[in-house]
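Before any comments, here is the structure.
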2 protein chains.
Amino acid sequence: MTIADVAVRAGVHKATVSRALNKMTEHQVNPATARRVRKAAEELGYVANAVARGLRTNSSMTVGVIIPDLTNPLFPPMVRGIEHYLAPHGYTALIANTDGDDDLERAAFDSLSGRRVDGFIIATGRMHHELIADAYHRGVHVVMLNRGSVDVPYPLVTGDDAAGVTAAVEHLVELGHRDLVHLAGPENFTTSAVRQDAFLAAVRRHADVAGRLVPAPALTIRAGLECMNDMLLHGDAPTAIVAGNDLLAVGILRSLRQHGLHCPDDVSVIGFNDMDSTEDLNPPLTTVRVPHFEMGTEAARLLIDDLAADRQRSVTVSLPASLVVRESTAAPRAGALASADTFQARIESGLSMRR
Amino acid sequence: MTIADVAVRAGVHKATVSRALNKMTEHQVNPATARRVRKAAEELGYVANAVARGLRTNSSMTVGVIIPDLTNPLFPPMVRGIEHYLAPHGYTALIANTDGDDDLERAAFDSLSGRRVDGFIIATGRMHHELIADAYHRGVHVVMLNRGSVDVPYPLVTGDDAAGVTAAVEHLVELGHRDLVHLAGPENFTTSAVRQDAFLAAVRRHADVAGRLVPAPALTIRAGLECMNDMLLHGDAPTAIVAGNDLLAVGILRSLRQHGLHCPDDVSVIGFNDMDSTEDLNPPLTTVRVPHFEMGTEAARLLIDDLAADRQRSVTVSLPASLVVRESTAAPRAGALASADTFQARIESGLSMRR
DNA sequence: CGAATTACCGCAATCGATCTCCTTCGATTA
DNA sequence: TAATCGAAGGAGATCGATTGCGGTAATTCG
């Protein structure tokens, strides 16, 4: 079932079929002929071979989407946002997971390049410098999503993390907290740096508020759990924590529960991202909602625009983030964590529970 | 950067380059020449154009994956499982969401067909009869995932839902429950039918246990919430519920909370699927774990195998499901829901809360 | 009425890799 | 020494759609 079959059935040359079926060239053919061609194509159930077209036109109408991990609830909404914008424009997304691994990243990039994708949307900020600089040098179209990349002026679509963190800190201060911790994500994520800086800046605005940074080795439940365990073990847990993301927050909640502590009575916790299920956590998590779907559509729009105009802008689009207050934050309870005695006891029981 | 450039640099004909770089034909060329070609390709950073290759070989090394909704936590693990098997075999997945909409399904199928995918993995059981029958008739390679399709003998990979439901029922009966409800998914999902039948069969094995079916209009949190509201309103809530999936269970939990009831004291709830976050729900959800990742790899394996052998088997692969007991199930509390008085009062307060 | 313009559409090259034939050449065998 | 064989690799067709070029017929213009 090729264009030639349609041509025979419509009694015209295949070039005419091509023109009749293509929106851009339809005006070059007589309306009556075009109708006849469309009818023939319809009857034969003809669908143009995108592969052959791609070869000739040197554009595959596909976009490579590189993300760390699809099972991280952060990304599906972004991907859907991307597809939501791409599909009506005739584009299809090719999705690759890299798990943040350099080799897999390189492999995914090469594989997608071989498939001649027209451009990339890359949502792994920690992306190999070399690889992305290479891409830029070769004139590959890329839009960064969520996390930017230093050095290379690719456009970036991101949530307004700074505003989100600031709102979180203000909320806690307003509730009466004076001892805050920011459980920060790994340093090589650009978003970690942004949130970290915003946290420190927000704290500095209040003379009577102490704000410490605790670095987490990864943005996972496990990391959150272990960091919180450490803090409790060393007896320097704060009254409120702003977590680098929701998964860290979930880990913190688990740790607290394992140690017989209660959120928000003993410790208030704020997450980041507003994953779908945070509303049903125990307790429902106060978190910063980031508009992931819209970030996806925005990134796709940027890419398609630049593709069509064959240029490479380097704008940064920052979409507003908002604080969603639920039940994991409350006023600090006087002396909740003050009694070193019962505190130690709690830790012991918690630790033995863990074994 | 084409095969011709490499040919010039290596001082051979492009056919030789093709042969040297292709694992299957490498033996047809002198090892020394092959080395020279590989070196030239390396130096030029040559990557074969998959589009051109696809045109010639009439295989795109891509697989269309059709799912209802990527933000449903059920699917990302499956997709990752699929990619996990595909990637090492040189295949790439093209993912399309349909939201269960017939027109979008048709559009996605046509679009992917136009891209000349080598086969499909379809995870939307309720798939348009016509469309899938059509595909079968045209000899399109398809593997059904999660949900099967009636009438058409395409291979199917599924979790052993029946065993999972049976285990859930046995668990509840063992705890002492005698009044069970199965909040069933929509009838046009084949999985709903399977789970429903398994539930009834399991209940029937116990003479003193009553098991009712309540149909939910969709597999969503909202549907679960509304069905539970209805049950409470009509005063016919059971002591334990086996939900058609985790989202329904989450809805049930919300409804209970809104009505001032407590799980598991007032009502035990069992979910289905073991989404990532169920462990951190309030309370942690007892649920049936289904091996989604493995289901994905299995579906991919089946497809690739059949593709390679150019046949179409019609096996059904059923992967074991297992009950994960957490805290949403407990022995029924005598008279928990017996007092119609306070019960009504609770409903009233719950309903007014909802406004 | 002849020339110029325009609308329509056919011809054939083209994209890049694969693959079937075919040639060449050195080695082996009778 | 001539016939045979097999390995190595070159020539060129091919996949299906697009597109620049040009031809033909109908239409407009001077």
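Just remember, in the structure tokens the first chain shown is A, the second B, etc., residues are 1-based per chain, and ligands are 1-based in the order shown.
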
Can you work out which residues from chain B touch chain C at a cut-off of 7 Å (counting only C-alpha atoms (C1' of nucleotides)) and hand them back as an MDAnalysis selection string? chainID B and resid 2 49 52:53 56:57

Contacts between chain D and chain B, please, where a residue of chain B counts if it comes within 8 Å (with only C-alpha atoms (C1' of nucleotides)); show its shortest atom pair and distance in Å to one decimal, rows by chain and ascending number, as JSON lines.
{"residue": "B:His13", "atom": "CA", "partner": "D:DG10", "partner_atom": "C1'", "distance": 6.3}
{"residue": "B:Ala15", "atom": "CA", "partner": "D:DG10", "partner_atom": "C1'", "distance": 7.9}
{"residue": "B:Thr16", "atom": "CA", "partner": "D:DG9", "partner_atom": "C1'", "distance": 6.4}
{"residue": "B:Gln28", "atom": "CA", "partner": "D:DA8", "partner_atom": "C1'", "distance": 7.4}
{"residue": "B:Val29", "atom": "CA", "partner": "D:DA8", "partner_atom": "C1'", "distance": 6.2}
{"residue": "B:Asn30", "atom": "CA", "partner": "D:DA8", "partner_atom": "C1'", "distance": 6.7}
{"residue": "B:Leu55", "atom": "CA", "partner": "D:DC15", "partner_atom": "C1'", "distance": 5.3}
{"residue": "B:Arg56", "atom": "CA", "partner": "D:DC15", "partner_atom": "C1'", "distance": 4.5}
{"residue": "B:Thr57", "atom": "CA", "partner": "D:DC15", "partner_atom": "C1'", "distance": 7.5}
{"residue": "B:Asn58", "atom": "CA", "partner": "D:DC15", "partner_atom": "C1'", "distance": 7.5}

Quick one: residues within 10 Å of Val63 (chain B), only C-alpha atoms (C1' of nucleotides) counted, chain neighbours fewer than 4 positions away excluded, as an MDAnalysis selection string? chainID B and resid 82:83 86 91:95 112:113 115:121 141:142 300 303:304

Take the residues from that selection and write them out as a compact mmCIF listing (two decimals), in the first residue's frame, keeping N, CA and C atoms.
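In the end it all went to out_17.txt:
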# COMPACT_ATOMS: atom_id res chain seq x y z
N ILE B 82 9.00 -2.69 29.65
CA ILE B 82 9.02 -2.84 28.19
C ILE B 82 10.35 -2.33 27.64
N GLU B 83 10.70 -1.11 28.03
CA GLU B 83 11.93 -0.50 27.51
C GLU B 83 13.15 -1.29 27.97
N LEU B 86 13.37 -3.98 25.49
CA LEU B 86 13.52 -3.53 24.10
C LEU B 86 14.90 -2.96 23.81
N TYR B 91 15.52 -1.99 19.96
CA TYR B 91 14.20 -1.42 19.70
C TYR B 91 13.95 -0.19 20.56
N THR B 92 13.07 0.67 20.08
CA THR B 92 12.65 1.84 20.84
C THR B 92 11.13 1.83 20.92
N ALA B 93 10.62 2.30 22.05
CA ALA B 93 9.17 2.32 22.23
C ALA B 93 8.61 3.70 21.90
N LEU B 94 7.50 3.70 21.19
CA LEU B 94 6.75 4.93 20.97
C LEU B 94 5.50 4.84 21.83
N ILE B 95 5.35 5.79 22.73
CA ILE B 95 4.27 5.69 23.70
C ILE B 95 3.15 6.65 23.38
N LEU B 112 0.91 5.74 14.74
CA LEU B 112 2.01 4.79 14.94
C LEU B 112 2.16 3.87 13.73
N SER B 113 1.06 3.50 13.13
CA SER B 113 1.13 2.67 11.92
C SER B 113 1.88 3.43 10.83
N ARG B 115 4.10 5.53 11.22
CA ARG B 115 5.52 5.53 11.57
C ARG B 115 6.12 4.15 11.37
N ARG B 116 5.31 3.23 10.91
CA ARG B 116 5.76 1.88 10.58
C ARG B 116 6.40 1.16 11.77
N VAL B 117 5.73 1.25 12.91
CA VAL B 117 6.21 0.47 14.04
C VAL B 117 6.13 -1.01 13.67
N ASP B 118 7.02 -1.80 14.23
CA ASP B 118 7.05 -3.22 13.88
C ASP B 118 5.96 -4.02 14.59
N GLY B 119 5.45 -3.45 15.67
CA GLY B 119 4.40 -4.14 16.41
C GLY B 119 3.85 -3.24 17.49
N PHE B 120 2.84 -3.75 18.17
CA PHE B 120 2.20 -2.95 19.21
C PHE B 120 2.15 -3.72 20.53
N ILE B 121 2.27 -2.97 21.61
CA ILE B 121 1.90 -3.50 22.91
C ILE B 121 0.75 -2.63 23.39
N HIS B 141 1.28 -7.17 14.21
CA HIS B 141 1.74 -7.86 15.41
C HIS B 141 1.34 -7.08 16.66
N VAL B 142 0.66 -7.74 17.56
CA VAL B 142 0.19 -7.09 18.77
C VAL B 142 0.34 -8.03 19.96
N ALA B 300 7.12 -7.44 26.09
CA ALA B 300 8.12 -7.06 25.09
C ALA B 300 8.81 -8.31 24.55
N LEU B 303 6.57 -10.10 22.12
CA LEU B 303 6.44 -9.39 20.85
C LEU B 303 7.69 -9.56 19.99
N ILE B 304 8.84 -9.34 20.61
CA ILE B 304 10.09 -9.42 19.86
C ILE B 304 10.31 -10.83 19.33

Among the residues of region 82-304 of chain A, find those DSSP assigns to alpha helix (DSSP H) from the backbone and print them as a short mmCIF file (atom, residue, chain, number, x, y, z; two decimals) with C-alpha atoms, in the first residue's frame.
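Saved the output as selection-v3.cif:
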data_model
loop_
_atom_site.label_atom_id
_atom_site.label_comp_id
_atom_site.auth_asym_id
_atom_site.auth_seq_id
_atom_site.Cartn_x
_atom_site.Cartn_y
_atom_site.Cartn_z
CA ILE A 82 4.81 17.32 26.09
CA GLU A 83 2.69 14.89 24.13
CA HIS A 84 -0.33 17.09 24.57
CA TYR A 85 1.40 19.80 22.62
CA LEU A 86 3.28 17.60 20.16
CA ASP A 102 26.17 8.71 32.22
CA ASP A 103 26.55 5.74 29.94
CA LEU A 104 22.83 5.23 29.55
CA GLU A 105 22.49 8.92 28.85
CA ARG A 106 25.03 8.74 26.10
CA ALA A 107 23.46 5.58 24.73
CA ALA A 108 19.99 7.10 24.74
CA PHE A 109 21.23 10.25 23.08
CA ASP A 110 23.05 8.32 20.38
CA SER A 111 20.16 5.98 19.80
CA LEU A 112 17.73 8.86 19.43
CA SER A 113 20.16 10.75 17.22
CA GLY A 114 20.37 7.71 14.99
CA HIS A 129 28.62 18.35 30.38
CA GLU A 130 30.53 16.93 27.50
CA LEU A 131 27.52 15.36 25.89
CA ILE A 132 25.35 18.44 26.02
CA ALA A 133 28.10 20.80 25.01
CA ASP A 134 28.78 18.48 22.13
CA ALA A 135 25.15 18.62 21.11
CA TYR A 136 25.16 22.38 21.25
CA HIS A 137 28.26 22.54 19.15
CA ASP A 161 11.43 26.91 42.74
CA ALA A 162 12.76 29.92 44.57
CA ALA A 163 9.28 31.37 45.07
CA GLY A 164 8.04 27.98 46.22
CA VAL A 165 10.75 27.54 48.80
CA THR A 166 10.29 31.09 50.01
CA ALA A 167 6.58 30.51 50.49
CA ALA A 168 7.35 27.34 52.42
CA VAL A 169 9.73 29.12 54.77
CA GLU A 170 7.33 32.00 55.31
CA HIS A 171 4.57 29.55 56.14
CA LEU A 172 6.68 27.81 58.75
CA VAL A 173 7.91 31.05 60.28
CA GLU A 174 4.36 32.28 60.48
CA LEU A 175 3.38 29.12 62.33
CA THR A 190 20.95 22.76 39.49
CA THR A 191 17.52 22.73 41.12
CA SER A 192 19.12 21.78 44.42
CA ALA A 193 21.28 24.87 44.30
CA VAL A 194 18.36 27.12 43.49
CA ARG A 195 16.20 25.76 46.29
CA GLN A 196 19.10 25.84 48.72
CA ASP A 197 19.90 29.47 47.98
CA ALA A 198 16.26 30.44 48.19
CA PHE A 199 15.98 28.72 51.55
CA LEU A 200 18.98 30.51 52.99
CA ALA A 201 17.85 33.85 51.60
CA ALA A 202 14.36 33.40 53.03
CA VAL A 203 15.72 32.47 56.45
CA ARG A 204 18.10 35.39 56.48
CA ILE A 221 12.52 7.93 50.01
CA ARG A 222 15.48 5.97 51.33
CA ALA A 223 17.71 9.03 51.44
CA GLY A 224 15.06 10.99 53.30
CA LEU A 225 14.63 8.21 55.80
CA GLU A 226 18.31 7.84 56.47
CA CYS A 227 18.99 11.56 56.80
CA MET A 228 16.16 11.92 59.28
CA ASN A 229 17.42 8.91 61.19
CA ASP A 230 20.82 10.57 61.40
CA MET A 231 19.41 13.82 62.66
CA LEU A 232 17.42 12.03 65.34
CA LEU A 233 20.42 9.96 66.28
CA ASP A 246 8.24 14.88 48.09
CA LEU A 247 10.10 11.61 48.12
CA LEU A 248 12.55 12.93 50.69
CA ALA A 249 9.54 14.14 52.68
CA VAL A 250 7.98 10.69 52.51
CA GLY A 251 11.25 9.25 53.83
CA ILE A 252 11.22 11.75 56.66
CA LEU A 253 7.66 10.77 57.56
CA ARG A 254 8.64 7.12 57.61
CA SER A 255 11.60 7.81 59.85
CA LEU A 256 9.46 9.81 62.25
CA ARG A 257 6.88 7.06 62.37
CA GLN A 258 9.52 4.43 62.97
CA HIS A 292 4.53 19.84 35.67
CA PHE A 293 2.02 19.35 32.90
CA GLU A 294 2.28 22.96 31.86
CA MET A 295 6.06 22.76 32.01
CA GLY A 296 5.87 19.91 29.55
CA THR A 297 3.65 21.74 27.10
CA GLU A 298 5.77 24.85 27.42
CA ALA A 299 8.97 22.96 26.66
CA ALA A 300 7.35 21.32 23.65
CA ARG A 301 6.07 24.64 22.41
CA LEU A 302 9.50 26.20 22.71
CA LEU A 303 11.12 23.34 20.84
CA ILE A 304 8.59 23.21 18.02
#

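One distance worth recording is that between CA of Leu285 (chain B) and CA of Val181 (chain B), which is 16.7 Å.
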
Close residues, His262 (chain B) itself excluded, 12 Å, only C-alpha atoms (C1' of nucleotides), min 6 positions apart in chain, as a ChimeraX atom specification: /B:239,252-256,268-269,282-283,327-330,332-333,336-337,346

Would you put the residues from that selection into a file with N, CA and C atoms, as a compact mmCIF listing (two decimals), in the first residue's frame?
# COMPACT_ATOMS: atom_id res chain seq x y z
N THR B 239 -18.16 -4.73 56.57
CA THR B 239 -17.04 -4.55 57.50
C THR B 239 -15.71 -4.60 56.77
N ILE B 252 -12.05 5.26 48.84
CA ILE B 252 -12.78 4.71 49.99
C ILE B 252 -12.22 5.29 51.28
N LEU B 253 -10.90 5.31 51.37
CA LEU B 253 -10.26 5.85 52.57
C LEU B 253 -10.67 7.31 52.78
N ARG B 254 -10.68 8.08 51.70
CA ARG B 254 -11.06 9.48 51.82
C ARG B 254 -12.48 9.61 52.32
N SER B 255 -13.35 8.79 51.74
CA SER B 255 -14.76 8.86 52.15
C SER B 255 -14.90 8.54 53.63
N LEU B 256 -14.22 7.48 54.05
CA LEU B 256 -14.29 7.09 55.46
C LEU B 256 -13.82 8.25 56.34
N SER B 268 -12.35 -2.52 57.05
CA SER B 268 -11.07 -2.94 56.47
C SER B 268 -11.12 -2.72 54.96
N VAL B 269 -9.99 -2.33 54.41
CA VAL B 269 -9.94 -2.06 52.97
C VAL B 269 -8.71 -2.73 52.35
N ASN B 282 -2.66 6.64 54.48
CA ASN B 282 -3.18 6.72 55.83
C ASN B 282 -4.45 5.92 55.91
N PRO B 283 -4.46 4.72 56.42
CA PRO B 283 -3.28 3.95 56.87
C PRO B 283 -2.60 3.28 55.69
N GLU B 327 -1.63 -2.09 57.00
CA GLU B 327 -2.43 -1.74 58.18
C GLU B 327 -3.88 -1.35 57.90
N SER B 328 -4.32 -1.56 56.69
CA SER B 328 -5.71 -1.17 56.42
C SER B 328 -6.68 -2.34 56.63
N THR B 329 -6.15 -3.44 57.13
CA THR B 329 -7.03 -4.58 57.42
C THR B 329 -6.82 -5.02 58.86
N ALA B 330 -7.92 -5.35 59.54
CA ALA B 330 -7.86 -5.82 60.92
C ALA B 330 -9.13 -6.61 61.20
N PRO B 332 -12.72 -7.37 62.48
CA PRO B 332 -13.86 -6.45 62.60
C PRO B 332 -14.13 -6.15 64.06
N ARG B 333 -14.47 -4.89 64.34
CA ARG B 333 -14.79 -4.51 65.71
C ARG B 333 -16.27 -4.74 65.90
N ALA B 336 -19.13 -2.08 65.18
CA ALA B 336 -18.47 -0.87 64.69
C ALA B 336 -19.45 0.01 63.92
N LEU B 337 -20.25 -0.64 63.10
CA LEU B 337 -21.17 0.12 62.27
C LEU B 337 -22.63 -0.15 62.65
N ARG B 346 -22.95 10.57 61.96
CA ARG B 346 -21.64 10.67 61.31
C ARG B 346 -21.80 11.02 59.84

Could you jot down the CA of Glu43 (chain A) to CA of Val12 (chain A) separation for me, Å, one decimal place? 15.7 Å

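Nearest-residue note for chain A: choosing from B:Val157, B:Leu307, B:Met78, B:Ile241, the minimum distance belongs to B:Met78, counting only C-alpha atoms.
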
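Between chain A and the candidates B:Ala10, B:Met275, B:Val150, B:Leu183, the tightest atom-to-atom separation, counting only C-alpha atoms, involves B:Met275.
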
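For the atom pair formed by CA of Pro155 (chain B) and CA of Arg313 (chain B), the distance is 6.4 Å, given to one decimal.
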